[in-house]
Amino acid sequence: MGQYEKLKGRVAVVTGGAGGIGKEICKCLSNEGAQVIMADLSESSAANAIAEINSAYNKVIYHELDVVSEQSWHTLYQYVEQRFSRLDILVNNAGIYLFKDIENTTLDDWNRVMSINATGVFLGTKLAIPLLRQNGSGSIINMSSTSGITGSPFEVAYTASKGSVRLFTKSAALYTAKDNIRINSVHPATTDTSMVEVLWESNKDLKKTVTENVPLGRLADPIEIAKAILFLASDDSSYITGTELIVDGGMTAI
Ligand SMILES: NC(=O)c1ccc[n+]([C@@H]2O[C@H](COP(=O)([O-])OP(=O)(O)OC[C@H]3O[C@@H](n4cnc5c(N)ncnc54)[C@H](O)[C@@H]3O)[C@@H](O)[C@H]2O)c1
């Protein structure tokens with residue numbers, strides 16, 4: 001920990017950085033020397049997360065962001081440019097979950113999930129390209145899910161949004177390859193954060209069943225997702241673009 005090496009001198013934006021996985025991503029990138037901007041809708045969650053993770057060597061600061069607002073992205077990137085004069089890494093991690101089947105999903109539900117989980121990734125990626133291009137390289141990591149690879153009868157809007165992230169990532173990666181900007185997606189299975197509490201509340205035995213179904217026999221720890229993101233953010237993955245990194249304890253191998 002705290003080697004200050006792999007990402008030394010780099011500037012990273014992590015959306016949804018105050019959440020369960022986002023916080024670990026901010027910590028992990030910062031531990032490798034990156035200046036991290038924790039971009040989130042919730043200032044109070046961010047303040048708590050920063051208090052928890054910042055230590056002598058951590059460099060995590062908060063900036064407000066609503067991923068669905070183009071203006072909010074412009075404001076964030078203007079701040080990054082003025083304060084740090086560069087952007088090297090963008091982690092499009094912000095997302096919401098919806099545990100609903102198709103017949104119970106309203107149009108408002110659908111639009112909300114698609115706008116945060118899919119449109120937010122499009123906006124952040126599109127507007128980051130000019131900034132990353134100035135450095136002659138860059139890495140964008142888009143948070144999808146195993147729910148972006150396989151279907152689920154109870155997550156219709158969520159799976160659609162995460163499937164969209166998967167193919168958007170490949171198309172954008174093909175476009176930016178000429179500028180040495182790598183774009184990849186990450187696909188975690190169920191990870192122990194507050195996002196999935198709604199699942200456990202729906203059925204008292206579900207957590208046990210879901211856990212037992214994972215070949216590795218446990219849910220992912222957020223740090224295990226963050227480490228995969230660190231790999232894609234760093235030069236260790238310098239020849240990897242347009243790919244999908246599945247971090248699921250073997251779930252999709254079944
Ligand atoms: N937890 C899991 O099981 C799991 C599995 C696979 C993928 N994922 C994905 O990982 C990502 C992070 O999930 P998590 O478990 O840490 O969830 P979380 O609910 O703990 O964190 C999500 C964060 O996103 C922020 N956010 C929500 N809407 C936003 C908006 N419009 N603009 C900016 N920030 C916004 C929230 O404030 C929160 O801090 C999500 O994209 C999620 O879909 C999670």
# chains A, B, ... in the order shown; residues from 1 in each chain; ligands from 1
$ residues_near_ligand --ligand "ligand 1" --cutoff "7 Å" --atoms "only C-alpha atoms and all ligand atoms" --output "MDAnalysis selection string"
chainID A and resid 15:22 39:42 45 65:68 93:97 116:117 143:146 187:196
$ write_last_selection --atoms "N, CA, C and O atoms" --output "short mmCIF file (atom, residue, chain, number, x, y, z; two decimals), in the first residue's frame"
data_model
loop_
_atom_site.label_atom_id
_atom_site.label_comp_id
_atom_site.auth_asym_id
_atom_site.auth_seq_id
_atom_site.Cartn_x
_atom_site.Cartn_y
_atom_site.Cartn_z
N THR A 15 -16.49 8.81 -10.58
CA THR A 15 -17.89 9.18 -10.32
C THR A 15 -18.51 8.18 -9.34
O THR A 15 -18.10 7.02 -9.28
N GLY A 16 -19.48 8.66 -8.60
CA GLY A 16 -20.05 7.81 -7.55
C GLY A 16 -18.98 7.41 -6.55
O GLY A 16 -19.07 6.38 -5.89
N GLY A 17 -17.99 8.28 -6.42
CA GLY A 17 -16.81 7.97 -5.61
C GLY A 17 -17.09 7.86 -4.13
O GLY A 17 -16.28 7.33 -3.37
N ALA A 18 -18.27 8.34 -3.70
CA ALA A 18 -18.59 8.29 -2.28
C ALA A 18 -19.28 6.99 -1.90
O ALA A 18 -19.50 6.72 -0.72
N GLY A 19 -19.63 6.16 -2.88
CA GLY A 19 -20.37 4.94 -2.60
C GLY A 19 -19.47 3.79 -2.16
O GLY A 19 -18.25 3.95 -2.02
N GLY A 20 -20.08 2.63 -1.97
CA GLY A 20 -19.36 1.48 -1.43
C GLY A 20 -18.16 1.07 -2.27
O GLY A 20 -17.05 0.88 -1.75
N ILE A 21 -18.35 0.92 -3.57
CA ILE A 21 -17.23 0.54 -4.45
C ILE A 21 -16.38 1.76 -4.78
O ILE A 21 -15.15 1.71 -4.77
N GLY A 22 -17.06 2.90 -5.03
CA GLY A 22 -16.35 4.12 -5.42
C GLY A 22 -15.31 4.55 -4.41
O GLY A 22 -14.19 4.97 -4.76
N ALA A 39 -16.11 12.42 -7.45
CA ALA A 39 -17.22 13.18 -8.02
C ALA A 39 -18.52 12.45 -7.69
O ALA A 39 -18.70 11.30 -8.09
N ASP A 40 -19.39 13.12 -6.98
CA ASP A 40 -20.61 12.43 -6.52
C ASP A 40 -21.72 13.45 -6.33
O ASP A 40 -21.48 14.62 -6.09
N LEU A 41 -22.94 12.93 -6.39
CA LEU A 41 -24.13 13.74 -6.13
C LEU A 41 -24.21 14.12 -4.66
O LEU A 41 -24.65 15.20 -4.30
N SER A 42 -23.80 13.21 -3.81
CA SER A 42 -24.00 13.39 -2.37
C SER A 42 -22.74 13.92 -1.69
O SER A 42 -21.75 13.22 -1.49
N SER A 45 -22.19 12.13 1.87
CA SER A 45 -21.55 10.81 1.79
C SER A 45 -20.07 10.97 1.45
O SER A 45 -19.21 10.25 1.95
N LEU A 65 -21.03 16.36 -8.66
CA LEU A 65 -21.35 15.95 -10.03
C LEU A 65 -22.70 15.23 -10.05
O LEU A 65 -22.95 14.36 -9.23
N ASP A 66 -23.53 15.65 -11.00
CA ASP A 66 -24.72 14.86 -11.32
C ASP A 66 -24.48 14.32 -12.72
O ASP A 66 -24.50 15.08 -13.70
N VAL A 67 -24.27 13.03 -12.83
CA VAL A 67 -23.83 12.45 -14.12
C VAL A 67 -24.83 12.63 -15.25
O VAL A 67 -24.47 12.51 -16.42
N VAL A 68 -26.09 12.92 -14.92
CA VAL A 68 -27.08 13.06 -15.99
C VAL A 68 -27.09 14.47 -16.58
O VAL A 68 -27.75 14.73 -17.58
N ASN A 93 -18.24 5.24 -12.50
CA ASN A 93 -18.70 4.23 -11.56
C ASN A 93 -20.11 4.51 -11.01
O ASN A 93 -20.77 3.59 -10.54
N ALA A 94 -20.56 5.76 -11.06
CA ALA A 94 -21.87 6.10 -10.46
C ALA A 94 -22.96 5.23 -11.08
O ALA A 94 -22.97 4.98 -12.29
N GLY A 95 -23.87 4.78 -10.26
CA GLY A 95 -24.96 3.98 -10.79
C GLY A 95 -26.03 3.75 -9.74
O GLY A 95 -25.79 3.93 -8.53
N ILE A 96 -27.22 3.39 -10.21
CA ILE A 96 -28.29 3.03 -9.29
C ILE A 96 -28.83 1.66 -9.69
O ILE A 96 -28.68 1.23 -10.83
N TYR A 97 -29.46 1.03 -8.72
CA TYR A 97 -29.99 -0.32 -8.93
C TYR A 97 -31.50 -0.26 -8.92
O TYR A 97 -32.09 0.60 -8.25
N ILE A 116 -28.99 7.61 -15.56
CA ILE A 116 -27.84 7.61 -14.65
C ILE A 116 -26.81 6.57 -15.10
O ILE A 116 -25.62 6.87 -15.24
N ASN A 117 -27.27 5.36 -15.37
CA ASN A 117 -26.32 4.26 -15.62
C ASN A 117 -25.73 4.26 -17.04
O ASN A 117 -24.60 3.83 -17.22
N MET A 143 -18.16 1.27 -15.39
CA MET A 143 -18.69 0.24 -14.51
C MET A 143 -19.95 -0.37 -15.10
O MET A 143 -20.99 0.27 -15.19
N SER A 144 -19.83 -1.61 -15.51
CA SER A 144 -21.02 -2.36 -15.93
C SER A 144 -21.32 -3.34 -14.79
O SER A 144 -21.25 -2.96 -13.61
N SER A 145 -21.59 -4.58 -15.11
CA SER A 145 -21.99 -5.55 -14.10
C SER A 145 -22.09 -6.91 -14.79
O SER A 145 -22.16 -6.97 -16.03
N THR A 146 -22.15 -7.98 -14.03
CA THR A 146 -22.52 -9.25 -14.67
C THR A 146 -23.94 -9.11 -15.22
O THR A 146 -24.31 -9.80 -16.17
N HIS A 187 -17.06 -5.73 -14.86
CA HIS A 187 -18.35 -6.42 -14.63
C HIS A 187 -18.35 -7.20 -13.32
O HIS A 187 -18.09 -8.42 -13.31
N PRO A 188 -18.64 -6.52 -12.22
CA PRO A 188 -18.68 -7.25 -10.95
C PRO A 188 -19.99 -8.04 -10.80
O PRO A 188 -21.02 -7.64 -11.33
N ALA A 189 -19.92 -9.12 -10.05
CA ALA A 189 -21.14 -9.77 -9.56
C ALA A 189 -21.51 -9.08 -8.24
O ALA A 189 -20.89 -8.07 -7.87
N THR A 190 -22.47 -9.63 -7.54
CA THR A 190 -22.96 -8.97 -6.33
C THR A 190 -21.82 -8.64 -5.37
O THR A 190 -21.03 -9.51 -5.00
N THR A 191 -21.77 -7.37 -5.01
CA THR A 191 -20.70 -6.86 -4.15
C THR A 191 -21.34 -6.28 -2.90
O THR A 191 -22.40 -5.64 -2.98
N ASP A 192 -20.72 -6.51 -1.78
CA ASP A 192 -21.33 -6.18 -0.50
C ASP A 192 -21.35 -4.68 -0.23
O ASP A 192 -20.48 -4.15 0.46
N THR A 193 -22.33 -3.97 -0.79
CA THR A 193 -22.48 -2.53 -0.52
C THR A 193 -23.95 -2.25 -0.21
O THR A 193 -24.82 -3.12 -0.39
N SER A 194 -24.21 -0.99 0.17
CA SER A 194 -25.60 -0.64 0.50
C SER A 194 -26.52 -0.69 -0.72
O SER A 194 -27.73 -0.77 -0.58
N MET A 195 -25.93 -0.65 -1.94
CA MET A 195 -26.76 -0.67 -3.14
C MET A 195 -27.65 -1.91 -3.22
O MET A 195 -28.76 -1.86 -3.72
N VAL A 196 -27.14 -3.02 -2.70
CA VAL A 196 -27.90 -4.27 -2.84
C VAL A 196 -28.70 -4.64 -1.58
O VAL A 196 -29.31 -5.70 -1.52
#
$ closest_atom_pairs --of "segment 19-90 of chain A" --to "segment 222-244 of chain A" --cutoff "7 Å" --atoms "only C-alpha atoms" --output "JSON lines"
{"residue": "A:Gly20", "atom": "CA", "partner": "A:Pro222", "partner_atom": "CA", "distance": 6.6}
{"residue": "A:Ile21", "atom": "CA", "partner": "A:Pro222", "partner_atom": "CA", "distance": 4.8}
{"residue": "A:Glu24", "atom": "CA", "partner": "A:Ile223", "partner_atom": "CA", "distance": 5.5}
{"residue": "A:Ile25", "atom": "CA", "partner": "A:Ala226", "partner_atom": "CA", "distance": 4.6}
{"residue": "A:Cys28", "atom": "CA", "partner": "A:Ala226", "partner_atom": "CA", "distance": 6.5}
{"residue": "A:Leu29", "atom": "CA", "partner": "A:Leu230", "partner_atom": "CA", "distance": 6.2}
{"residue": "A:Ile89", "atom": "CA", "partner": "A:Ala233", "partner_atom": "CA", "distance": 6.4}
$ write_last_selection --atoms "C-alpha atoms" --output "PDB file, in the first residue's frame"
ATOM      1  CA  GLY A  20     -19.356   1.479  -1.432  1.00  0.00           C
ATOM      2  CA  ILE A  21     -17.229   0.536  -4.450  1.00  0.00           C
ATOM      3  CA  GLU A  24     -12.413   1.833  -2.464  1.00  0.00           C
ATOM      4  CA  ILE A  25     -11.553   2.898  -6.011  1.00  0.00           C
ATOM      5  CA  CYS A  28      -6.778   2.375  -4.359  1.00  0.00           C
ATOM      6  CA  LEU A  29      -5.894   4.950  -7.055  1.00  0.00           C
ATOM      7  CA  ILE A  89      -8.145   8.571 -15.730  1.00  0.00           C
TER       8      ILE A  89
END
$ atom_distance --atom1 "atom CA of Asn31 of chain A" --atom2 "atom CA of Val186 of chain A"
20.3 Å
$ atom_distance --atom1 "atom CA of Ser30 of chain A" --atom2 "atom CA of Leu7 of chain A"
8.0 Å
$ select_by_dssp --residues "segment 32-199 of chain A" --states "helix (DSSP H, G or I)" --output "PyMOL selection string"
chain A and resi 43-53+70-84+102-104+107-135+146-148+156-179+194-199
$ residues_around --residues "segment 103-108 of chain A" --least-positions-apart "2" --cutoff "12 Å" --atoms "only C-alpha atoms" --output "list in words"
Leu98, Phe99, Lys100, Asp101, Trp110, Asn111, Arg112, Val113, Met114, Ser115, Pro153, Phe154, Glu155, Val156, Ala157 and Tyr158 of chain A
$ closest_residue --among "A:Gly120, A:Gly138, A:Gly249, A:Pro215" --to "Val11 of chain A" --atoms "only C-alpha atoms"
A:Gly138
$ closest_residue --among "A:Gly124, A:Lys27, A:Glu64, A:Gly9" --to "Ser44 of chain A" --atoms "only C-alpha atoms"
A:Glu64
$ residues_around --residues "segment 130-137 of chain A" --least-positions-apart "2" --cutoff "7 Å" --atoms "only C-alpha atoms" --output "list in words"
Arg86, Leu87, Asp88, Leu127, Ala128, Asp179, Asn180 and Ile181 of chain A
$ write_last_selection --atoms "all heavy atoms" --output "short mmCIF file (atom, residue, chain, number, x, y, z; two decimals), in the first residue's frame"
data_model
loop_
_atom_site.label_atom_id
_atom_site.label_comp_id
_atom_site.auth_asym_id
_atom_site.auth_seq_id
_atom_site.Cartn_x
_atom_site.Cartn_y
_atom_site.Cartn_z
N ARG A 86 -4.73 18.80 -16.15
CA ARG A 86 -4.73 17.54 -16.90
C ARG A 86 -5.78 16.57 -16.33
O ARG A 86 -6.21 16.71 -15.18
CB ARG A 86 -3.36 16.87 -16.87
CG ARG A 86 -2.90 16.44 -15.48
CD ARG A 86 -1.49 15.89 -15.49
NE ARG A 86 -1.38 14.68 -16.26
CZ ARG A 86 -0.42 14.48 -17.18
NH1 ARG A 86 0.48 15.41 -17.41
NH2 ARG A 86 -0.35 13.33 -17.85
N LEU A 87 -6.14 15.62 -17.16
CA LEU A 87 -6.95 14.48 -16.70
C LEU A 87 -6.36 13.25 -17.36
O LEU A 87 -6.09 13.24 -18.57
CB LEU A 87 -8.43 14.65 -17.11
CG LEU A 87 -9.33 13.47 -16.75
CD1 LEU A 87 -9.53 13.37 -15.23
CD2 LEU A 87 -10.71 13.60 -17.41
N ASP A 88 -6.13 12.21 -16.58
CA ASP A 88 -5.54 10.97 -17.11
C ASP A 88 -6.48 9.78 -17.04
O ASP A 88 -6.39 8.87 -17.86
CB ASP A 88 -4.26 10.61 -16.31
CG ASP A 88 -3.25 11.73 -16.35
OD1 ASP A 88 -2.47 11.79 -17.31
OD2 ASP A 88 -3.26 12.57 -15.43
N LEU A 127 -17.10 13.86 -23.00
CA LEU A 127 -16.51 15.15 -22.63
C LEU A 127 -15.09 15.01 -22.07
O LEU A 127 -14.35 15.98 -22.01
CB LEU A 127 -17.42 15.87 -21.61
CG LEU A 127 -18.83 16.16 -22.16
CD1 LEU A 127 -19.72 16.75 -21.08
CD2 LEU A 127 -18.78 17.09 -23.36
N ALA A 128 -14.70 13.79 -21.71
CA ALA A 128 -13.32 13.58 -21.23
C ALA A 128 -12.33 13.47 -22.39
O ALA A 128 -11.13 13.74 -22.22
CB ALA A 128 -13.26 12.29 -20.39
N ASP A 179 -5.97 7.74 -30.51
CA ASP A 179 -5.40 8.75 -29.59
C ASP A 179 -4.76 8.10 -28.36
O ASP A 179 -4.45 8.80 -27.39
CB ASP A 179 -6.51 9.70 -29.12
CG ASP A 179 -7.03 10.56 -30.27
OD1 ASP A 179 -6.21 11.14 -30.98
OD2 ASP A 179 -8.26 10.60 -30.45
N ASN A 180 -4.60 6.79 -28.39
CA ASN A 180 -4.04 6.06 -27.25
C ASN A 180 -4.88 6.26 -25.98
O ASN A 180 -4.35 6.30 -24.87
CB ASN A 180 -2.58 6.48 -27.01
CG ASN A 180 -1.85 5.49 -26.11
OD1 ASN A 180 -2.18 4.30 -26.09
ND2 ASN A 180 -0.90 5.99 -25.34
N ILE A 181 -6.17 6.42 -26.17
CA ILE A 181 -7.09 6.49 -25.02
C ILE A 181 -7.78 5.12 -24.94
O ILE A 181 -8.49 4.72 -25.87
CB ILE A 181 -8.13 7.61 -25.20
CG1 ILE A 181 -7.43 8.97 -25.27
CG2 ILE A 181 -9.15 7.57 -24.06
CD1 ILE A 181 -8.34 10.12 -25.70
#
$ atom_distance --atom1 "atom CA of Lys170 of chain A" --atom2 "atom CA of Lys23 of chain A"
25.8 Å
$ closest_residue --among "A:Ala220, A:Leu90, A:Ala160, A:Ala172" --to "Gly250 of chain A" --atoms "only C-alpha atoms"
A:Ala220
$ select_by_dssp --residues "segment 21-101 of chain A" --states "strand (DSSP E)" --output "ChimeraX atom specification"
/A:35-40,60-64,89-92
$ residues_around --residues "Thr169 of chain A" --least-positions-apart "4" --cutoff "8 Å" --atoms "only C-alpha atoms" --output "number ranges by chain"
A: 142, 165, 173, 183-185, 242
$ write_last_selection --atoms "N, CA and C atoms" --output "mmCIF file, in the first residue's frame"
data_model
loop_
_atom_site.group_PDB
_atom_site.id
_atom_site.type_symbol
_atom_site.label_atom_id
_atom_site.label_comp_id
_atom_site.auth_asym_id
_atom_site.auth_seq_id
_atom_site.Cartn_x
_atom_site.Cartn_y
_atom_site.Cartn_z
ATOM 1 N N ASN A 142 -15.431 1.973 -17.415
ATOM 2 C CA ASN A 142 -16.877 2.099 -17.245
ATOM 3 C C ASN A 142 -17.419 0.935 -16.428
ATOM 4 N N VAL A 165 -23.782 -0.085 -21.360
ATOM 5 C CA VAL A 165 -22.418 0.329 -20.994
ATOM 6 C C VAL A 165 -21.396 -0.596 -21.659
ATOM 7 N N ALA A 173 -14.144 2.814 -27.434
ATOM 8 C CA ALA A 173 -12.734 2.389 -27.419
ATOM 9 C C ALA A 173 -12.173 2.323 -28.831
ATOM 10 N N ILE A 183 -10.361 2.388 -23.349
ATOM 11 C CA ILE A 183 -11.657 2.389 -22.655
ATOM 12 C C ILE A 183 -12.093 0.935 -22.456
ATOM 13 N N ASN A 184 -12.341 0.577 -21.219
ATOM 14 C CA ASN A 184 -12.726 -0.796 -20.882
ATOM 15 C C ASN A 184 -13.904 -0.794 -19.910
ATOM 16 N N SER A 185 -14.580 -1.930 -19.842
ATOM 17 C CA SER A 185 -15.667 -2.044 -18.855
ATOM 18 C C SER A 185 -15.335 -3.114 -17.820
ATOM 19 N N GLY A 242 -11.171 -1.810 -25.058
ATOM 20 C CA GLY A 242 -12.413 -2.349 -25.619
ATOM 21 C C GLY A 242 -12.798 -3.690 -25.038
#
